[in-house]
$ cat data.cif   # mmCIF, C-alpha atoms and all ligand atoms
data_my_file
loop_
_atom_site.label_atom_id
_atom_site.label_comp_id
_atom_site.auth_asym_id
_atom_site.auth_seq_id
_atom_site.Cartn_x
_atom_site.Cartn_y
_atom_site.Cartn_z
CA MET A 1 -84.41 10.20 155.87
CA GLU A 2 -83.62 12.64 153.06
CA ARG A 3 -80.01 12.49 151.88
CA THR A 4 -77.78 14.39 149.50
CA LEU A 5 -74.42 13.97 147.80
CA ILE A 6 -71.91 16.68 148.61
CA LEU A 7 -68.49 17.22 147.06
CA ILE A 8 -65.74 19.44 148.42
CA LYS A 9 -64.01 20.28 145.16
CA PRO A 10 -60.22 20.34 144.61
CA ASP A 11 -60.01 24.06 145.45
CA GLY A 12 -61.62 23.44 148.86
CA VAL A 13 -59.24 20.60 149.67
CA ALA A 14 -56.16 22.46 148.35
CA ARG A 15 -57.02 25.57 150.34
CA GLY A 16 -57.42 23.62 153.57
CA LEU A 17 -61.14 24.36 153.92
CA VAL A 18 -62.39 20.80 154.47
CA GLY A 19 -62.71 21.23 158.23
CA GLN A 20 -64.57 24.53 157.96
CA ILE A 21 -66.97 23.18 155.36
CA LEU A 22 -67.66 19.97 157.29
CA ALA A 23 -68.15 22.06 160.44
CA ARG A 24 -70.90 24.06 158.73
CA ILE A 25 -72.66 20.87 157.63
CA GLU A 26 -72.44 19.42 161.13
CA ALA A 27 -73.36 22.69 162.85
CA LYS A 28 -76.56 22.75 160.82
CA GLY A 29 -77.37 19.36 162.33
CA TYR A 30 -76.99 17.17 159.26
CA ALA A 31 -75.54 13.71 159.75
CA ILE A 32 -72.53 12.61 157.74
CA ASP A 33 -73.27 9.04 156.67
CA ALA A 34 -70.27 8.38 154.41
CA LEU A 35 -67.09 10.27 153.60
CA SER A 36 -64.15 9.74 151.26
CA LEU A 37 -61.07 11.68 150.16
CA ARG A 38 -59.56 10.80 146.79
CA THR A 39 -58.97 11.97 143.25
CA ALA A 40 -62.01 11.37 141.04
CA THR A 41 -61.81 9.12 138.01
CA ALA A 42 -62.74 10.33 134.53
CA ASP A 43 -65.73 7.97 134.58
CA GLU A 44 -67.05 9.36 137.85
CA LEU A 45 -66.77 12.93 136.56
CA SER A 46 -68.41 12.26 133.20
CA ALA A 47 -71.28 10.47 134.95
CA HIS A 48 -71.60 13.18 137.58
CA TYR A 49 -71.65 16.05 135.08
CA ALA A 50 -73.56 14.27 132.28
CA GLU A 51 -76.25 16.99 132.29
CA HIS A 52 -73.62 19.60 131.37
CA GLU A 53 -71.95 17.66 128.56
CA GLY A 54 -71.67 19.81 125.44
CA LYS A 55 -71.79 23.12 127.32
CA PRO A 56 -68.81 25.46 126.87
CA PHE A 57 -67.77 25.12 130.50
CA TYR A 58 -67.94 21.31 130.56
CA GLN A 59 -64.33 20.41 129.70
CA PRO A 60 -62.74 23.11 131.89
CA LEU A 61 -65.02 21.96 134.70
CA VAL A 62 -64.03 18.32 134.37
CA ASP A 63 -60.34 19.29 134.07
CA PHE A 64 -60.56 21.37 137.23
CA MET A 65 -62.35 18.58 139.08
CA SER A 66 -59.48 16.22 138.13
CA GLU A 67 -56.77 18.55 139.45
CA GLY A 68 -56.53 17.01 142.90
CA PRO A 69 -58.31 15.07 145.58
CA ILE A 70 -61.91 15.81 146.44
CA VAL A 71 -63.99 14.92 149.47
CA SER A 72 -67.25 13.17 148.68
CA LEU A 73 -69.87 12.66 151.33
CA ILE A 74 -73.42 11.65 151.94
CA ALA A 75 -75.26 13.91 154.36
CA SER A 76 -78.74 13.30 155.69
CA GLY A 77 -81.39 15.23 157.57
CA GLN A 78 -84.77 16.82 157.11
CA GLY A 79 -84.67 19.04 154.03
CA VAL A 80 -80.96 18.43 153.49
CA ILE A 81 -81.12 18.71 149.67
CA PRO A 82 -82.34 22.33 149.49
CA GLY A 83 -80.82 22.98 152.90
CA PHE A 84 -77.27 22.24 151.80
CA ARG A 85 -77.70 24.22 148.58
CA SER A 86 -78.80 27.10 150.73
CA LEU A 87 -75.69 26.69 152.92
CA ALA A 88 -73.55 26.53 149.74
CA GLY A 89 -74.94 29.74 148.23
CA ALA A 90 -75.14 30.88 144.61
CA THR A 91 -73.14 29.02 141.95
CA ASP A 92 -70.95 32.08 141.27
CA PRO A 93 -68.95 32.71 144.46
CA THR A 94 -68.47 36.36 143.53
CA ALA A 95 -72.28 36.72 143.73
CA ALA A 96 -72.97 34.32 146.62
CA ALA A 97 -74.39 35.89 149.77
CA PRO A 98 -72.31 36.36 152.91
CA GLY A 99 -73.05 33.60 155.38
CA THR A 100 -72.87 30.94 152.70
CA ILE A 101 -69.91 28.64 152.02
CA ARG A 102 -69.31 30.12 148.58
CA GLY A 103 -70.05 33.67 149.73
CA ASP A 104 -67.73 33.53 152.73
CA LEU A 105 -64.94 31.33 151.42
CA GLY A 106 -65.12 31.35 147.61
CA ARG A 107 -63.47 33.88 145.37
CA ASP A 108 -62.83 32.58 141.90
CA TRP A 109 -65.18 32.60 138.95
CA GLY A 110 -63.10 32.76 135.83
CA GLU A 111 -64.42 32.82 132.31
CA LYS A 112 -63.86 29.08 132.09
CA VAL A 113 -62.70 27.68 135.40
CA GLN A 114 -65.15 27.85 138.26
CA LYS A 115 -63.70 27.27 141.68
CA ASN A 116 -66.78 27.35 143.83
CA LEU A 117 -65.68 24.91 146.53
CA VAL A 118 -68.68 22.60 146.78
CA HIS A 119 -71.31 20.63 144.97
CA GLY A 120 -74.68 19.61 146.37
CA SER A 121 -77.37 17.53 144.68
CA ASP A 122 -80.31 19.58 143.41
CA SER A 123 -83.20 17.06 143.72
CA THR A 124 -84.01 13.66 145.21
CA GLU A 125 -83.47 12.08 141.78
CA SER A 126 -80.05 13.73 141.42
CA ALA A 127 -79.14 12.77 144.97
CA GLU A 128 -79.87 9.09 144.43
CA ARG A 129 -78.11 9.10 141.05
CA GLU A 130 -75.04 10.88 142.46
CA VAL A 131 -74.85 8.70 145.59
CA GLY A 132 -74.69 5.74 143.20
CA ILE A 133 -71.79 7.30 141.31
CA TRP A 134 -69.64 8.25 144.31
CA PHE A 135 -70.62 5.47 146.69
CA PRO A 136 -71.45 2.40 144.61
CA ALA A 137 -72.43 -0.74 146.53
P1 LIG B 1 -74.37 24.22 140.94
O1 LIG B 1 -72.97 23.72 141.23
O2 LIG B 1 -74.66 25.48 141.70
O3 LIG B 1 -75.43 23.16 141.08
P2 LIG B 1 -74.66 23.83 138.09
O4 LIG B 1 -75.09 22.44 138.39
O5 LIG B 1 -75.52 24.66 137.22
O6 LIG B 1 -74.36 24.66 139.41
O7 LIG B 1 -73.23 23.77 137.39
C1 LIG B 1 -72.25 22.84 137.79
C2 LIG B 1 -70.92 23.54 137.80
O8 LIG B 1 -70.58 23.99 136.50
C3 LIG B 1 -70.89 24.78 138.68
O9 LIG B 1 -70.63 24.48 140.03
C4 LIG B 1 -69.82 25.59 138.01
C5 LIG B 1 -69.99 25.27 136.55
N1 LIG B 1 -70.87 26.22 135.84
C6 LIG B 1 -72.21 26.29 135.92
N2 LIG B 1 -72.71 27.27 135.16
C7 LIG B 1 -71.65 27.84 134.55
C8 LIG B 1 -71.49 28.92 133.63
N3 LIG B 1 -72.52 29.60 133.17
N4 LIG B 1 -70.24 29.24 133.24
C9 LIG B 1 -69.20 28.55 133.70
N5 LIG B 1 -69.28 27.53 134.56
C10 LIG B 1 -70.47 27.17 134.99
MG MG B 2 -75.69 21.38 140.00
#
$ encode --input "data.cif" --output "structure tokens"
Amino acid sequence: MERTLILIKPDGVARGLVGQILARIEAKGYAIDALSLRTATADELSAHYAEHEGKPFYQPLVDFMSEGPIVSLIASGQGVIPGFRSLAGATDPTAAAPGTIRGDLGRDWGEKVQKNLVHGSDSTESAEREVGIWFPA
């Protein structure tokens, strides 16, 4: 079964939106196969965001992701990789469509710090790589 790696970022946890976000994933019919709440390590974040290393927003992004606990989870279901990204909405929450997690619940897109609530893998290769980072073993 197709699976994806989802993160509820520190802004989502701090704002008390974990339940609402998980409810949307479950309401869509995806299964939650693993779930964890904890503060990410520097190694996890540098591995997770390796593709963005060197970009101007990289360090602010990693700093923001280290600010507090995050929820990491593996969700599975038919088409869950594009399906969750569709539920999440556009990267910039100020541009994300209503009905999406970022569109309904997200507000902040600063010049440097992007608080867009969630991450979802963007391909099967990314999903398997990211599952290995957040849920080794
Ligand atoms: P997504 O999270 O929608 O997959 P991404 O993988 O391109 O987006 O980027 C990862 C994160 O980096 C994103 O959630 C917020 C931040 N980011 C992306 N593009 C950015 C930009 N142009 N300026 C500032 N931050 C950006
Ligand atoms: Mg991405």
$ closest_residue --input "data.cif" --among "A:Val131, A:Ala95, A:Ala14, A:Leu87" --to "Ala27 in chain A" --atoms "all atoms listed in the file"
A:Leu87
$ residues_around --input "data.cif" --residues "His119 in chain A" --least-positions-apart "2" --cutoff "7 Å" --atoms "all atoms listed in the file" --output "list in words"
Ile6, Leu7, Ile8 and Ser121 of chain A
$ residues_near_ligand --input "data.cif" --ligand "ligand LIG 1 (chain B)" --cutoff "12 Å" --atoms "only C-alpha atoms and all ligand atoms" --output "MDAnalysis selection string"
chainID A and resid 5:9 11 45 48:65 81:82 84:93 95:96 101:102 106 108:123 126:127
$ closest_residue --input "data.cif" --among "A:Ile32, A:Leu105, A:Ile21, A:Leu37" --to "Ser72 in chain A" --atoms "all atoms listed in the file"
A:Leu37
$ axis_aligned_box --input "data.cif" --around "range 72-77 of chain A" --padding-each-side "3 Å" --output "lines of an AutoDock Vina configuration file"
center_x = -74.3
center_y = 13.4
center_z = 153.1
size_x = 20.1
size_y = 9.6
size_z = 14.9
$ atom_distance --input "data.cif" --atom1 "CA of Gly79 in chain A" --atom2 "CA of Arg3 in chain A"
8.3 Å
$ residues_near_point --input "data.cif" --point "(-76.3, 21.5, 159.6)" --cutoff "9 Å" --atoms "all atoms listed in the file" --output "PyMOL selection string"
chain A and resi 23-31+77+80+83-84+87
$ atom_distance --input "data.cif" --atom1 "CA of Glu44 in chain A" --atom2 "CA of Pro136 in chain A"
10.7 Å
$ closest_residue --input "data.cif" --among "A:Glu130, A:Glu2, A:Pro10, A:Leu73" --to "ligand MG 2 (chain B)" --atoms "all atoms listed in the file"
A:Glu130
$ decode --input "data.cif" --residues "range 40-59 of chain A" --atoms "N, CA and C atoms" --output "short mmCIF file (atom, residue, chain, number, x, y, z; two decimals), in the first residue's frame"
data_model
loop_
_atom_site.label_atom_id
_atom_site.label_comp_id
_atom_site.auth_asym_id
_atom_site.auth_seq_id
_atom_site.Cartn_x
_atom_site.Cartn_y
_atom_site.Cartn_z
N ALA A 40 12.67 17.41 16.99
CA ALA A 40 13.57 16.80 16.01
C ALA A 40 15.03 17.08 16.37
N THR A 41 15.89 16.17 16.00
CA THR A 41 17.33 16.40 16.17
C THR A 41 17.86 17.15 14.95
N ALA A 42 19.03 17.76 15.13
CA ALA A 42 19.68 18.47 14.02
C ALA A 42 19.97 17.51 12.86
N ASP A 43 20.35 16.29 13.18
CA ASP A 43 20.63 15.30 12.13
C ASP A 43 19.39 14.95 11.32
N GLU A 44 18.29 14.76 12.02
CA GLU A 44 17.04 14.45 11.31
C GLU A 44 16.67 15.58 10.36
N LEU A 45 16.79 16.82 10.85
CA LEU A 45 16.39 17.96 10.02
C LEU A 45 17.33 18.17 8.84
N SER A 46 18.63 17.98 9.04
CA SER A 46 19.52 18.19 7.90
C SER A 46 19.33 17.09 6.86
N ALA A 47 19.02 15.87 7.32
CA ALA A 47 18.74 14.79 6.36
C ALA A 47 17.41 15.08 5.63
N HIS A 48 16.42 15.47 6.41
CA HIS A 48 15.09 15.68 5.83
C HIS A 48 15.09 16.78 4.77
N TYR A 49 15.82 17.88 5.07
CA TYR A 49 15.81 19.03 4.16
C TYR A 49 17.08 19.13 3.31
N ALA A 50 17.75 18.00 3.10
CA ALA A 50 19.00 18.01 2.32
C ALA A 50 18.83 18.67 0.95
N GLU A 51 17.68 18.47 0.31
CA GLU A 51 17.47 19.03 -1.04
C GLU A 51 17.46 20.56 -1.03
N HIS A 52 17.21 21.16 0.15
CA HIS A 52 17.13 22.62 0.21
C HIS A 52 18.39 23.26 0.76
N GLU A 53 19.39 22.45 1.10
CA GLU A 53 20.62 22.99 1.65
C GLU A 53 21.23 24.00 0.68
N GLY A 54 21.67 25.15 1.22
CA GLY A 54 22.26 26.17 0.37
C GLY A 54 21.27 27.22 -0.09
N LYS A 55 19.97 26.94 0.01
CA LYS A 55 18.97 27.95 -0.38
C LYS A 55 18.84 28.99 0.74
N PRO A 56 18.43 30.20 0.39
CA PRO A 56 18.38 31.27 1.41
C PRO A 56 17.45 30.95 2.58
N PHE A 57 16.42 30.15 2.33
CA PHE A 57 15.47 29.88 3.41
C PHE A 57 15.85 28.65 4.23
N TYR A 58 16.98 28.00 3.89
CA TYR A 58 17.32 26.73 4.56
C TYR A 58 17.52 26.89 6.07
N GLN A 59 18.42 27.81 6.48
CA GLN A 59 18.72 27.92 7.90
C GLN A 59 17.51 28.39 8.72
#
